[in-house]
file run.cif (mmCIF, C-alpha atoms)
data_model
#
loop_
_atom_site.group_PDB
_atom_site.id
_atom_site.type_symbol
_atom_site.label_atom_id
_atom_site.label_comp_id
_atom_site.auth_asym_id
_atom_site.auth_seq_id
_atom_site.Cartn_x
_atom_site.Cartn_y
_atom_site.Cartn_z
ATOM 1 C CA MET R 1 106.301 48.552 106.572
ATOM 2 C CA HIS R 2 102.546 48.616 106.467
ATOM 3 C CA GLU R 3 100.745 46.826 109.229
ATOM 4 C CA THR R 4 97.775 44.922 107.935
ATOM 5 C CA LYS R 5 95.368 43.450 110.371
ATOM 6 C CA ILE R 6 94.219 40.214 108.870
ATOM 7 C CA ASP R 7 91.915 37.895 110.662
ATOM 8 C CA GLN R 8 94.245 35.037 111.615
ATOM 9 C CA ALA R 9 91.409 32.560 111.264
ATOM 10 C CA LEU R 10 91.009 33.592 107.643
ATOM 11 C CA ILE R 11 94.548 32.629 106.705
ATOM 12 C CA SER R 12 95.043 29.840 109.194
ATOM 13 C CA SER R 13 94.585 27.149 106.543
ATOM 14 C CA PRO R 14 95.488 27.324 102.864
ATOM 15 C CA TRP R 15 92.356 25.333 102.115
ATOM 16 C CA SER R 16 89.949 27.498 104.057
ATOM 17 C CA GLY R 17 89.550 30.056 101.314
ATOM 18 C CA GLY R 18 91.946 32.442 103.010
ATOM 19 C CA THR R 19 92.829 35.570 101.080
ATOM 20 C CA ARG R 20 96.580 34.891 101.374
ATOM 21 C CA PRO R 21 97.178 31.163 101.274
ATOM 22 C CA PHE R 22 100.963 31.638 101.041
ATOM 23 C CA ALA R 23 101.166 34.573 103.440
ATOM 24 C CA VAL R 24 103.332 36.566 101.056
ATOM 25 C CA ASN R 25 102.531 39.633 99.013
ATOM 26 C CA SER R 26 101.850 39.293 95.305
ATOM 27 C CA LYS R 27 105.212 40.774 94.229
ATOM 28 C CA LYS R 28 107.101 38.165 96.186
ATOM 29 C CA LEU R 29 104.941 35.329 94.864
ATOM 30 C CA GLY R 30 105.443 36.709 91.347
ATOM 31 C CA MET R 31 109.221 36.745 91.776
ATOM 32 C CA TRP R 32 109.164 33.197 93.120
ATOM 33 C CA LEU R 33 107.175 32.020 90.103
ATOM 34 C CA PHE R 34 109.633 33.779 87.785
ATOM 35 C CA ILE R 35 112.482 32.052 89.624
ATOM 36 C CA VAL R 36 110.822 28.654 89.142
ATOM 37 C CA SER R 37 110.479 29.237 85.399
ATOM 38 C CA ASP R 38 114.044 30.526 85.126
ATOM 39 C CA THR R 39 115.266 27.506 87.112
ATOM 40 C CA LEU R 40 113.760 25.280 84.435
ATOM 41 C CA THR R 41 115.425 27.300 81.661
ATOM 42 C CA PHE R 42 118.835 26.859 83.257
ATOM 43 C CA SER R 43 118.133 23.225 84.181
ATOM 44 C CA ALA R 44 117.347 22.382 80.571
ATOM 45 C CA LEU R 45 120.496 24.156 79.380
ATOM 46 C CA LEU R 46 122.746 22.541 81.982
ATOM 47 C CA LEU R 47 121.282 19.082 81.415
ATOM 48 C CA ALA R 48 121.752 19.414 77.666
ATOM 49 C CA TYR R 49 125.309 20.547 78.393
ATOM 50 C CA SER R 50 125.901 17.556 80.717
ATOM 51 C CA TYR R 51 124.769 15.273 77.920
ATOM 52 C CA VAL R 52 127.130 16.685 75.296
ATOM 53 C CA ARG R 53 129.932 16.944 77.874
ATOM 54 C CA LEU R 54 129.761 13.258 78.836
ATOM 55 C CA ALA R 55 129.067 12.002 75.314
ATOM 56 C CA ASN R 56 132.108 13.789 73.904
ATOM 57 C CA PRO R 57 135.472 12.108 74.568
ATOM 58 C CA ASP R 58 137.473 15.029 73.146
ATOM 59 C CA TRP R 59 135.849 17.794 75.151
ATOM 60 C CA PRO R 60 138.239 20.776 75.279
ATOM 61 C CA ARG R 61 139.901 21.582 78.610
ATOM 62 C CA PRO R 62 141.007 25.184 78.209
ATOM 63 C CA PHE R 63 140.948 26.243 81.882
ATOM 64 C CA GLU R 64 144.321 26.130 83.575
ATOM 65 C CA ILE R 65 144.499 26.420 87.352
ATOM 66 C CA TYR R 66 146.120 29.788 86.926
ATOM 67 C CA PRO R 67 144.671 32.130 85.758
ATOM 68 C CA ALA R 68 141.284 30.722 84.656
ATOM 69 C CA ILE R 69 140.305 28.594 87.675
ATOM 70 C CA ALA R 70 141.823 31.026 90.189
ATOM 71 C CA LYS R 71 139.881 33.843 88.571
ATOM 72 C CA SER R 72 136.575 31.976 88.343
ATOM 73 C CA THR R 73 136.916 30.834 91.965
ATOM 74 C CA ALA R 74 137.465 34.460 92.963
ATOM 75 C CA MET R 75 134.382 35.411 90.916
ATOM 76 C CA THR R 76 132.388 32.751 92.792
ATOM 77 C CA ILE R 77 133.471 34.148 96.144
ATOM 78 C CA ILE R 78 132.691 37.708 95.006
ATOM 79 C CA LEU R 79 129.185 36.654 93.971
ATOM 80 C CA LEU R 80 128.684 34.800 97.269
ATOM 81 C CA ALA R 81 129.915 37.866 99.160
ATOM 82 C CA SER R 82 127.445 40.057 97.273
ATOM 83 C CA SER R 83 124.690 37.642 98.279
ATOM 84 C CA PHE R 84 125.750 38.091 101.883
ATOM 85 C CA THR R 85 125.629 41.919 101.663
ATOM 86 C CA MET R 86 122.187 41.505 100.062
ATOM 87 C CA VAL R 87 121.035 39.517 103.100
ATOM 88 C CA LEU R 88 122.338 42.314 105.336
ATOM 89 C CA GLY R 89 120.569 44.886 103.129
ATOM 90 C CA VAL R 90 117.234 43.077 103.397
ATOM 91 C CA ALA R 91 117.685 42.815 107.179
ATOM 92 C CA ALA R 92 118.485 46.553 107.389
ATOM 93 C CA SER R 93 115.423 47.441 105.310
ATOM 94 C CA ARG R 94 113.285 45.441 107.693
ATOM 95 C CA ARG R 95 114.640 47.544 110.558
ATOM 96 C CA ASN R 96 113.740 50.621 108.490
ATOM 97 C CA ASP R 97 117.405 51.654 108.420
ATOM 98 C CA ARG R 98 117.403 53.414 105.056
ATOM 99 C CA ALA R 99 121.020 54.607 105.002
ATOM 100 C CA LYS R 100 122.388 51.132 105.737
ATOM 101 C CA THR R 101 120.028 49.447 103.277
ATOM 102 C CA VAL R 102 121.148 51.742 100.456
ATOM 103 C CA ARG R 103 124.789 51.168 101.372
ATOM 104 C CA TYR R 104 124.419 47.365 101.365
ATOM 105 C CA LEU R 105 122.485 47.456 98.090
ATOM 106 C CA LEU R 106 125.294 49.497 96.521
ATOM 107 C CA PHE R 107 127.899 47.025 97.868
ATOM 108 C CA THR R 108 125.888 44.192 96.342
ATOM 109 C CA ALA R 109 125.638 45.952 92.989
ATOM 110 C CA ALA R 110 129.392 46.664 93.108
ATOM 111 C CA GLY R 111 130.038 42.949 93.650
ATOM 112 C CA GLY R 112 127.886 42.138 90.656
ATOM 113 C CA LEU R 113 129.663 44.712 88.522
ATOM 114 C CA LEU R 114 133.073 43.330 89.535
ATOM 115 C CA PHE R 115 131.838 39.856 88.594
ATOM 116 C CA VAL R 116 130.764 41.066 85.147
ATOM 117 C CA ILE R 117 134.105 42.828 84.577
ATOM 118 C CA LEU R 118 136.155 39.765 85.589
ATOM 119 C CA HIS R 119 133.949 37.520 83.495
ATOM 120 C CA THR R 120 134.383 39.795 80.478
ATOM 121 C CA THR R 121 138.193 39.642 80.775
ATOM 122 C CA GLU R 122 137.849 35.856 80.976
ATOM 123 C CA TRP R 123 135.793 35.833 77.779
ATOM 124 C CA ILE R 124 138.299 38.097 76.003
ATOM 125 C CA ASN R 125 141.162 35.741 76.972
ATOM 126 C CA LEU R 126 139.289 32.756 75.567
ATOM 127 C CA ILE R 127 138.387 34.591 72.368
ATOM 128 C CA HIS R 128 142.082 35.468 71.927
ATOM 129 C CA GLU R 129 142.904 31.765 72.318
ATOM 130 C CA GLY R 130 140.537 31.010 69.442
ATOM 131 C CA TYR R 131 137.376 30.011 71.303
ATOM 132 C CA THR R 132 134.180 31.495 69.867
ATOM 133 C CA PRO R 133 130.514 30.498 70.185
ATOM 134 C CA TRP R 134 130.820 28.559 66.916
ATOM 135 C CA SER R 135 134.373 27.190 66.915
ATOM 136 C CA THR R 136 137.258 26.024 69.082
ATOM 137 C CA PRO R 137 140.919 25.329 68.243
ATOM 138 C CA GLN R 138 140.226 21.608 68.898
ATOM 139 C CA GLY R 139 137.360 21.614 66.413
ATOM 140 C CA VAL R 140 134.601 21.048 69.016
ATOM 141 C CA PRO R 141 132.175 23.890 68.309
ATOM 142 C CA LEU R 142 129.750 22.465 70.914
ATOM 143 C CA PHE R 143 132.141 23.621 73.630
ATOM 144 C CA GLY R 144 132.002 27.206 72.400
ATOM 145 C CA ALA R 145 128.226 27.099 72.029
ATOM 146 C CA ALA R 146 127.716 25.610 75.511
ATOM 147 C CA PHE R 147 130.278 27.823 77.258
ATOM 148 C CA PHE R 148 129.311 31.152 75.724
ATOM 149 C CA GLY R 149 125.595 30.315 75.667
ATOM 150 C CA ILE R 150 125.283 29.318 79.326
ATOM 151 C CA THR R 151 127.750 31.790 80.846
ATOM 152 C CA GLY R 152 126.363 34.497 78.541
ATOM 153 C CA LEU R 153 122.794 33.909 79.717
ATOM 154 C CA HIS R 154 124.025 33.993 83.298
ATOM 155 C CA MET R 155 126.007 37.173 82.697
ATOM 156 C CA LEU R 156 122.869 38.750 81.219
ATOM 157 C CA HIS R 157 121.082 37.904 84.470
ATOM 158 C CA VAL R 158 123.887 39.465 86.524
ATOM 159 C CA THR R 159 123.852 42.622 84.389
ATOM 160 C CA ILE R 160 120.067 42.960 84.726
ATOM 161 C CA GLY R 161 120.494 42.308 88.460
ATOM 162 C CA VAL R 162 123.037 45.139 88.824
ATOM 163 C CA ILE R 163 120.632 47.554 87.077
ATOM 164 C CA TYR R 164 117.771 46.250 89.254
ATOM 165 C CA LEU R 165 119.781 46.717 92.462
ATOM 166 C CA LEU R 166 120.938 50.225 91.523
ATOM 167 C CA THR R 167 117.333 51.189 90.711
ATOM 168 C CA MET R 168 116.296 49.733 94.042
ATOM 169 C CA ALA R 169 119.081 51.509 95.966
ATOM 170 C CA PHE R 170 118.199 54.935 94.533
ATOM 171 C CA GLY R 171 114.434 54.356 94.665
ATOM 172 C CA TYR R 172 114.513 53.065 98.235
ATOM 173 C CA GLY R 173 116.682 55.995 99.269
ATOM 174 C CA LYS R 174 114.042 58.341 97.828
ATOM 175 C CA ASP R 175 111.196 56.421 99.485
ATOM 176 C CA LYS R 176 109.818 55.196 96.170
ATOM 177 C CA PHE R 177 110.140 51.533 97.178
ATOM 178 C CA ASP R 178 109.509 49.815 100.490
ATOM 179 C CA ALA R 179 111.157 46.954 102.378
ATOM 180 C CA ASP R 180 109.046 44.397 100.488
ATOM 181 C CA ASP R 181 110.520 45.593 97.190
ATOM 182 C CA VAL R 182 114.045 45.301 98.563
ATOM 183 C CA GLU R 183 113.318 41.752 99.664
ATOM 184 C CA VAL R 184 111.973 40.825 96.216
ATOM 185 C CA SER R 185 115.115 42.232 94.554
ATOM 186 C CA GLY R 186 117.080 40.136 97.062
ATOM 187 C CA LEU R 187 115.286 36.992 95.892
ATOM 188 C CA TYR R 188 116.322 37.721 92.326
ATOM 189 C CA TRP R 189 119.930 38.394 93.324
ATOM 190 C CA HIS R 190 120.241 35.202 95.379
ATOM 191 C CA PHE R 191 118.837 33.266 92.455
ATOM 192 C CA VAL R 192 121.531 34.670 90.146
ATOM 193 C CA ASP R 193 124.080 33.542 92.742
ATOM 194 C CA LEU R 194 122.437 30.106 92.941
ATOM 195 C CA VAL R 195 122.660 29.607 89.172
ATOM 196 C CA TRP R 196 126.372 30.394 89.247
ATOM 197 C CA MET R 197 126.779 27.699 91.936
ATOM 198 C CA PHE R 198 125.872 25.237 89.149
ATOM 199 C CA VAL R 199 127.514 26.976 86.192
ATOM 200 C CA PHE R 200 130.936 27.327 87.847
ATOM 201 C CA PRO R 201 131.496 23.647 88.763
ATOM 202 C CA MET R 202 129.726 22.171 85.758
ATOM 203 C CA ILE R 203 131.364 24.358 83.113
ATOM 204 C CA TYR R 204 134.694 25.390 84.616
ATOM 205 C CA LEU R 205 135.642 22.519 86.907
ATOM 206 C CA MET R 206 134.634 19.945 84.273
ATOM 207 C CA SER R 207 137.162 21.441 81.837
ATOM 208 C CA VAL R 208 140.222 21.992 84.007
ATOM 209 C CA ASN R 209 143.546 21.558 82.286
ATOM 210 C CA LEU R 210 145.966 20.041 84.817
ATOM 211 C CA GLY R 211 148.723 19.654 82.238
ATOM 212 C CA ALA R 212 150.211 16.303 81.254
ATOM 213 C CA MET F 213 109.005 38.470 106.250
ATOM 214 C CA SER F 214 108.308 42.155 105.921
ATOM 215 C CA THR F 215 105.167 42.573 107.954
ATOM 216 C CA HIS F 216 103.561 40.611 110.706
ATOM 217 C CA GLU F 217 101.529 38.575 108.326
ATOM 218 C CA HIS F 218 101.471 35.234 110.009
ATOM 219 C CA GLY F 219 102.067 33.458 113.211
ATOM 220 C CA SER F 220 105.687 32.399 112.890
ATOM 221 C CA GLU F 221 107.050 35.873 113.646
ATOM 222 C CA ALA F 222 107.951 34.850 117.157
ATOM 223 C CA HIS F 223 111.433 33.724 116.117
ATOM 224 C CA PRO F 224 113.499 36.170 114.075
ATOM 225 C CA ALA F 225 114.151 35.239 110.433
ATOM 226 C CA GLY F 226 117.762 34.281 110.995
ATOM 227 C CA SER F 227 120.512 36.280 112.666
ATOM 228 C CA THR F 228 123.539 37.804 110.954
ATOM 229 C CA ARG F 229 125.646 35.187 112.680
ATOM 230 C CA LEU F 230 123.581 32.372 111.207
ATOM 231 C CA PHE F 231 123.858 33.878 107.720
ATOM 232 C CA ALA F 232 127.615 34.282 108.144
ATOM 233 C CA TYR F 233 127.799 30.627 109.152
ATOM 234 C CA VAL F 234 125.827 29.589 106.046
ATOM 235 C CA TRP F 235 128.100 31.773 103.916
ATOM 236 C CA ILE F 236 131.231 30.085 105.287
ATOM 237 C CA TRP F 237 129.737 26.689 104.427
ATOM 238 C CA LEU F 238 129.021 27.852 100.890
ATOM 239 C CA VAL F 239 132.623 29.012 100.450
ATOM 240 C CA ALA F 240 133.932 25.783 102.013
ATOM 241 C CA ILE F 241 131.900 23.599 99.631
ATOM 242 C CA THR F 242 133.135 25.709 96.703
ATOM 243 C CA GLY F 243 136.698 25.127 97.913
ATOM 244 C CA PHE F 244 136.081 21.380 98.091
ATOM 245 C CA GLU F 245 134.731 21.420 94.521
ATOM 246 C CA VAL F 246 137.905 23.128 93.308
ATOM 247 C CA PHE F 247 139.937 20.511 95.212
ATOM 248 C CA LEU F 248 138.021 17.754 93.392
ATOM 249 C CA ALA F 249 139.207 19.236 90.095
ATOM 250 C CA TYR F 250 142.770 18.180 91.027
ATOM 251 C CA LEU F 251 141.873 14.518 91.402
ATOM 252 C CA ARG F 252 141.414 13.680 87.693
ATOM 253 C CA LEU F 253 138.202 11.764 88.337
ATOM 254 C CA ARG F 254 136.235 10.154 85.521
ATOM 255 C CA PRO F 255 133.935 12.784 83.941
ATOM 256 C CA GLU F 256 130.731 10.907 84.908
ATOM 257 C CA LEU F 257 131.801 10.609 88.548
ATOM 258 C CA MET F 258 133.123 14.179 88.673
ATOM 259 C CA LEU F 259 129.926 15.627 87.174
ATOM 260 C CA SER F 260 127.728 13.619 89.563
ATOM 261 C CA LEU F 261 129.722 14.744 92.615
ATOM 262 C CA LEU F 262 129.674 18.374 91.481
ATOM 263 C CA VAL F 263 125.915 18.342 90.860
ATOM 264 C CA ILE F 264 125.254 16.807 94.302
ATOM 265 C CA LEU F 265 127.482 19.375 96.039
ATOM 266 C CA SER F 266 125.875 22.192 94.050
ATOM 267 C CA MET F 267 122.420 21.005 95.073
ATOM 268 C CA VAL F 268 123.503 21.194 98.710
ATOM 269 C CA LYS F 269 124.664 24.767 98.081
ATOM 270 C CA ALA F 270 121.414 25.593 96.275
ATOM 271 C CA ALA F 271 119.415 24.220 99.212
ATOM 272 C CA LEU F 272 121.397 26.400 101.635
ATOM 273 C CA ILE F 273 120.854 29.511 99.486
ATOM 274 C CA VAL F 274 117.137 28.866 99.005
ATOM 275 C CA SER F 275 116.490 28.000 102.673
ATOM 276 C CA TYR F 276 118.474 30.732 104.354
ATOM 277 C CA PHE F 277 119.374 33.547 101.943
ATOM 278 C CA MET F 278 116.048 33.372 100.122
ATOM 279 C CA HIS F 279 114.248 32.813 103.433
ATOM 280 C CA LEU F 280 112.112 29.924 102.234
ATOM 281 C CA LYS F 281 112.745 28.151 105.539
ATOM 282 C CA TYR F 282 111.019 31.021 107.340
ATOM 283 C CA GLU F 283 108.045 31.334 105.003
ATOM 284 C CA LYS F 284 104.748 29.571 105.424
ATOM 285 C CA LEU F 285 105.115 25.893 104.548
ATOM 286 C CA SER F 286 102.487 26.158 101.800
ATOM 287 C CA LEU F 287 104.788 28.434 99.763
ATOM 288 C CA ALA F 288 107.664 25.956 99.865
ATOM 289 C CA LEU F 289 105.285 23.104 99.044
ATOM 290 C CA ILE F 290 103.936 24.840 95.957
ATOM 291 C CA LEU F 291 107.385 25.879 94.665
ATOM 292 C CA VAL F 292 109.918 23.158 95.420
ATOM 293 C CA PRO F 293 108.228 19.820 94.573
ATOM 294 C CA SER F 294 106.850 21.114 91.255
ATOM 295 C CA THR F 295 110.279 22.423 90.215
ATOM 296 C CA LEU F 296 112.025 19.199 91.193
ATOM 297 C CA PHE F 297 109.365 17.185 89.370
ATOM 298 C CA CYS F 298 109.913 19.150 86.144
ATOM 299 C CA ILE F 299 113.702 18.756 86.422
ATOM 300 C CA CYS F 300 113.284 14.999 86.983
ATOM 301 C CA MET F 301 111.124 14.829 83.863
ATOM 302 C CA ILE F 302 113.874 16.531 81.823
ATOM 303 C CA VAL F 303 116.400 14.040 83.216
ATOM 304 C CA ILE F 304 114.152 11.074 82.417
ATOM 305 C CA PHE F 305 113.753 12.225 78.819
ATOM 306 C CA PHE F 306 117.418 13.015 78.272
ATOM 307 C CA MET F 307 119.449 10.475 80.175
ATOM 308 C CA PRO F 308 118.678 7.158 78.461
ATOM 309 C CA ASP F 309 120.141 8.591 75.268
ATOM 310 C CA GLY F 310 123.017 10.151 77.171
ATOM 311 C CA LEU F 311 123.956 6.811 78.738
ATOM 312 C CA ARG F 312 123.580 5.013 75.414
ATOM 313 C CA ALA F 313 126.067 7.406 73.841
ATOM 314 C CA LEU F 314 128.499 6.688 76.684
ATOM 315 C CA GLN F 315 128.214 2.926 76.171
ATOM 316 C CA LEU F 316 128.688 3.199 72.441
ATOM 317 C CA ARG F 317 131.823 5.188 73.070
ATOM 318 C CA GLY F 318 133.277 2.603 75.432
ATOM 319 C CA HIS F 319 133.237 -0.323 72.975
#

call {"tool": "encode", "arguments": {"input": "run.cif", "output": "structure tokens"}}
result
Amino acid sequence: MHETKIDQALISSPWSGGTRPFAVNSKKLGMWLFIVSDTLTFSALLLAYSYVRLANPDWPRPFEIYPAIAKSTAMTIILLASSFTMVLGVAASRRNDRAKTVRYLLFTAAGGLLFVILHTTEWINLIHEGYTPWSTPQGVPLFGAAFFGITGLHMLHVTIGVIYLLTMAFGYGKDKFDADDVEVSGLYWHFVDLVWMFVFPMIYLMSVNLGA
Amino acid sequence: MSTHEHGSEAHPAGSTRLFAYVWIWLVAITGFEVFLAYLRLRPELMLSLLVILSMVKAALIVSYFMHLKYEKLSLALILVPSTLFCICMIVIFFMPDGLRALQLRGH
């Protein structure tokens, strides 16, 4: 927490040539810009998926309520819970409570790790049932490409996020990072959560198998 | 909201209770989405409903968890409209063909 005395008049208007028109530090602005670009990556993927999903009358529906939907719903709640511990971690770092911040960051990383593990078992199940990125038992390879491509890119984000959070937890504990850095890592983590809020309904809930 | 950088520090950036409340809403909307899966809706209708609900969830996450609601308005104005504009452009380019494919399928 470094107190900077900035002339309020200087930053009072974004158009007045103020030094900080957005009143955030450069790391935070940088993370926000990254998030915008990543949003567009996922938007393009999900829109392309929506197109092939709606245009294809024989889209596979491999997800039964139990176990696939139950498991992916649990994964959603785990990811949401990890977002909540992240919020608590950022709040603790703002109070300069290092021990609590590190603990919440580790909880958050543990949630992310659990998500990755559950997701991997889900992938293994599907692969055993004959779904791969280039083929499906129904002969609709687009399903495999869309499913493994989009969830794989998301899982990559979660994995990077877990590494990021662990680095942050240990670095913050050793005073290498400050509360601003924790907040920026929080932005990334919430974004990963946000993406899953689209991937889960659009991929899983659009391919539920309710039986005959 | 790390340092006292601007004037809106007077109110705290959300309490734990508020965040818990937002979290419960997020879980509730997720539950409703899973419920929708039982209704065997037409894919177009189902996808539209899910995207709308997910956008509500995204707005909650961005406003509260990512603190955008508590940042200076200029930050939100530079980030959100430009992103939405780009997404709309993708939709405009894609969807006419998507709808055409649907119509061809129906007849």

call {"tool": "resolve_selection", "arguments": {"input": "run.cif", "expression": "the PyMOL selection byres ((chain R) within 6 of (chain F))", "output": "number ranges by chain"}}
result
R: 22, 51, 55, 180, 187, 194, 197-198, 205

call {"tool": "axis_aligned_box", "arguments": {"input": "run.cif", "around": "stretch 158-164 of chain R", "padding_each_side": "5 Å", "output": "AutoDock Vina command-line options"}}
result
--center_x 120.8 --center_y 43.5 --center_z 86.8 --size_x 16.1 --size_y 18.1 --size_z 14.9

call {"tool": "resolve_selection", "arguments": {"input": "run.cif", "expression": "the PyMOL selection byres ((chain R and resi 72) around 10)", "output": "short mmCIF file (atom, residue, chain, number, x, y, z; two decimals) with C-alpha atoms, keeping the file's coordinate frame"}}
result
data_model
loop_
_atom_site.label_atom_id
_atom_site.label_comp_id
_atom_site.auth_asym_id
_atom_site.auth_seq_id
_atom_site.Cartn_x
_atom_site.Cartn_y
_atom_site.Cartn_z
CA PHE R 63 140.95 26.24 81.88
CA ILE R 65 144.50 26.42 87.35
CA TYR R 66 146.12 29.79 86.93
CA PRO R 67 144.67 32.13 85.76
CA ALA R 68 141.28 30.72 84.66
CA ILE R 69 140.30 28.59 87.68
CA ALA R 70 141.82 31.03 90.19
CA LYS R 71 139.88 33.84 88.57
CA THR R 73 136.92 30.83 91.96
CA ALA R 74 137.46 34.46 92.96
CA MET R 75 134.38 35.41 90.92
CA THR R 76 132.39 32.75 92.79
CA ILE R 77 133.47 34.15 96.14
CA ILE R 78 132.69 37.71 95.01
CA PHE R 115 131.84 39.86 88.59
CA LEU R 118 136.16 39.76 85.59
CA HIS R 119 133.95 37.52 83.50
CA GLU R 122 137.85 35.86 80.98
CA PHE R 200 130.94 27.33 87.85
CA PRO R 201 131.50 23.65 88.76
CA TYR R 204 134.69 25.39 84.62
CA LEU R 205 135.64 22.52 86.91
#

call {"tool": "residues_around", "arguments": {"input": "run.cif", "residues": "R:Pro133", "least_positions_apart": "6", "cutoff": "6 Å", "atoms": "only C-alpha atoms", "output": "VMD selection string"}}
result
chain R and resid 144 to 145 148

call {"tool": "closest_residue", "arguments": {"input": "run.cif", "among": "R:Val192, R:Leu126, R:Leu142, R:Met168", "to": "R:Leu156", "atoms": "all atoms listed in the file"}}
result
R:Val192

call {"tool": "closest_residue", "arguments": {"input": "run.cif", "among": "R:Arg61, R:Phe34, R:Ser93, R:Ala110", "to": "R:Val182", "atoms": "all atoms listed in the file"}}
result
R:Ser93

call {"tool": "atom_distance", "arguments": {"input": "run.cif", "atom1": "atom CA of R:Asn125", "atom2": "atom CA of R:Thr151"}}
result
14.5 Å

call {"tool": "closest_residue", "arguments": {"input": "run.cif", "among": "R:Tyr188, R:Leu210, R:Leu105, R:Ile117", "to": "R:Val36", "atoms": "only C-alpha atoms"}}
result
R:Tyr188

call {"tool": "atom_distance", "arguments": {"input": "run.cif", "atom1": "atom CA of R:Pro62", "atom2": "atom CA of R:Val208"}}
result
6.7 Å

call {"tool": "residues_around", "arguments": {"input": "run.cif", "residues": "R:Ser83", "least_positions_apart": "2", "cutoff": "8 Å", "atoms": "only C-alpha atoms", "output": "VMD selection string"}}
result
(chain R and resid 79 to 81 85 to 87 108 189 to 190 193) or (chain F and resid 277)

call {"tool": "decode", "arguments": {"input": "run.cif", "residues": "stretch 91-104 of chain R", "atoms": "N, CA and C atoms", "output": "PDB file, in the first residue's frame"}}
result
ATOM      1  N   ALA R  91      -9.704  -8.628  -0.531  1.00  0.00           N
ATOM      2  CA  ALA R  91     -10.117  -7.758   0.578  1.00  0.00           C
ATOM      3  C   ALA R  91      -9.100  -7.840   1.722  1.00  0.00           C
ATOM      4  N   ALA R  92      -8.614  -9.067   2.013  1.00  0.00           N
ATOM      5  CA  ALA R  92      -7.638  -9.231   3.096  1.00  0.00           C
ATOM      6  C   ALA R  92      -6.329  -8.527   2.748  1.00  0.00           C
ATOM      7  N   SER R  93      -5.918  -8.587   1.467  1.00  0.00           N
ATOM      8  CA  SER R  93      -4.668  -7.940   1.096  1.00  0.00           C
ATOM      9  C   SER R  93      -4.780  -6.426   1.231  1.00  0.00           C
ATOM     10  N   ARG R  94      -5.996  -5.925   1.030  1.00  0.00           N
ATOM     11  CA  ARG R  94      -6.185  -4.485   1.162  1.00  0.00           C
ATOM     12  C   ARG R  94      -6.103  -4.059   2.630  1.00  0.00           C
ATOM     13  N   ARG R  95      -6.449  -4.997   3.518  1.00  0.00           N
ATOM     14  CA  ARG R  95      -6.312  -4.694   4.957  1.00  0.00           C
ATOM     15  C   ARG R  95      -4.904  -4.977   5.449  1.00  0.00           C
ATOM     16  N   ASN R  96      -4.017  -5.389   4.506  1.00  0.00           N
ATOM     17  CA  ASN R  96      -2.643  -5.730   4.846  1.00  0.00           C
ATOM     18  C   ASN R  96      -2.535  -6.965   5.723  1.00  0.00           C
ATOM     19  N   ASP R  97      -3.531  -7.841   5.659  1.00  0.00           N
ATOM     20  CA  ASP R  97      -3.528  -9.063   6.462  1.00  0.00           C
ATOM     21  C   ASP R  97      -2.856 -10.161   5.637  1.00  0.00           C
ATOM     22  N   ARG R  98      -1.553 -10.277   5.757  1.00  0.00           N
ATOM     23  CA  ARG R  98      -0.800 -11.172   4.873  1.00  0.00           C
ATOM     24  C   ARG R  98      -1.175 -12.640   5.062  1.00  0.00           C
ATOM     25  N   ALA R  99      -1.274 -13.079   6.319  1.00  0.00           N
ATOM     26  CA  ALA R  99      -1.543 -14.496   6.577  1.00  0.00           C
ATOM     27  C   ALA R  99      -2.864 -14.916   5.930  1.00  0.00           C
ATOM     28  N   LYS R 100      -3.894 -14.081   6.132  1.00  0.00           N
ATOM     29  CA  LYS R 100      -5.215 -14.417   5.575  1.00  0.00           C
ATOM     30  C   LYS R 100      -5.207 -14.380   4.056  1.00  0.00           C
ATOM     31  N   THR R 101      -4.516 -13.384   3.495  1.00  0.00           N
ATOM     32  CA  THR R 101      -4.447 -13.273   2.031  1.00  0.00           C
ATOM     33  C   THR R 101      -3.857 -14.539   1.445  1.00  0.00           C
ATOM     34  N   VAL R 102      -2.711 -14.970   2.015  1.00  0.00           N
ATOM     35  CA  VAL R 102      -2.043 -16.174   1.495  1.00  0.00           C
ATOM     36  C   VAL R 102      -2.982 -17.371   1.617  1.00  0.00           C
ATOM     37  N   ARG R 103      -3.676 -17.464   2.751  1.00  0.00           N
ATOM     38  CA  ARG R 103      -4.576 -18.602   2.949  1.00  0.00           C
ATOM     39  C   ARG R 103      -5.696 -18.609   1.900  1.00  0.00           C
ATOM     40  N   TYR R 104      -6.313 -17.434   1.680  1.00  0.00           N
ATOM     41  CA  TYR R 104      -7.390 -17.370   0.678  1.00  0.00           C
ATOM     42  C   TYR R 104      -6.882 -17.650  -0.723  1.00  0.00           C
TER      43      TYR R 104
END
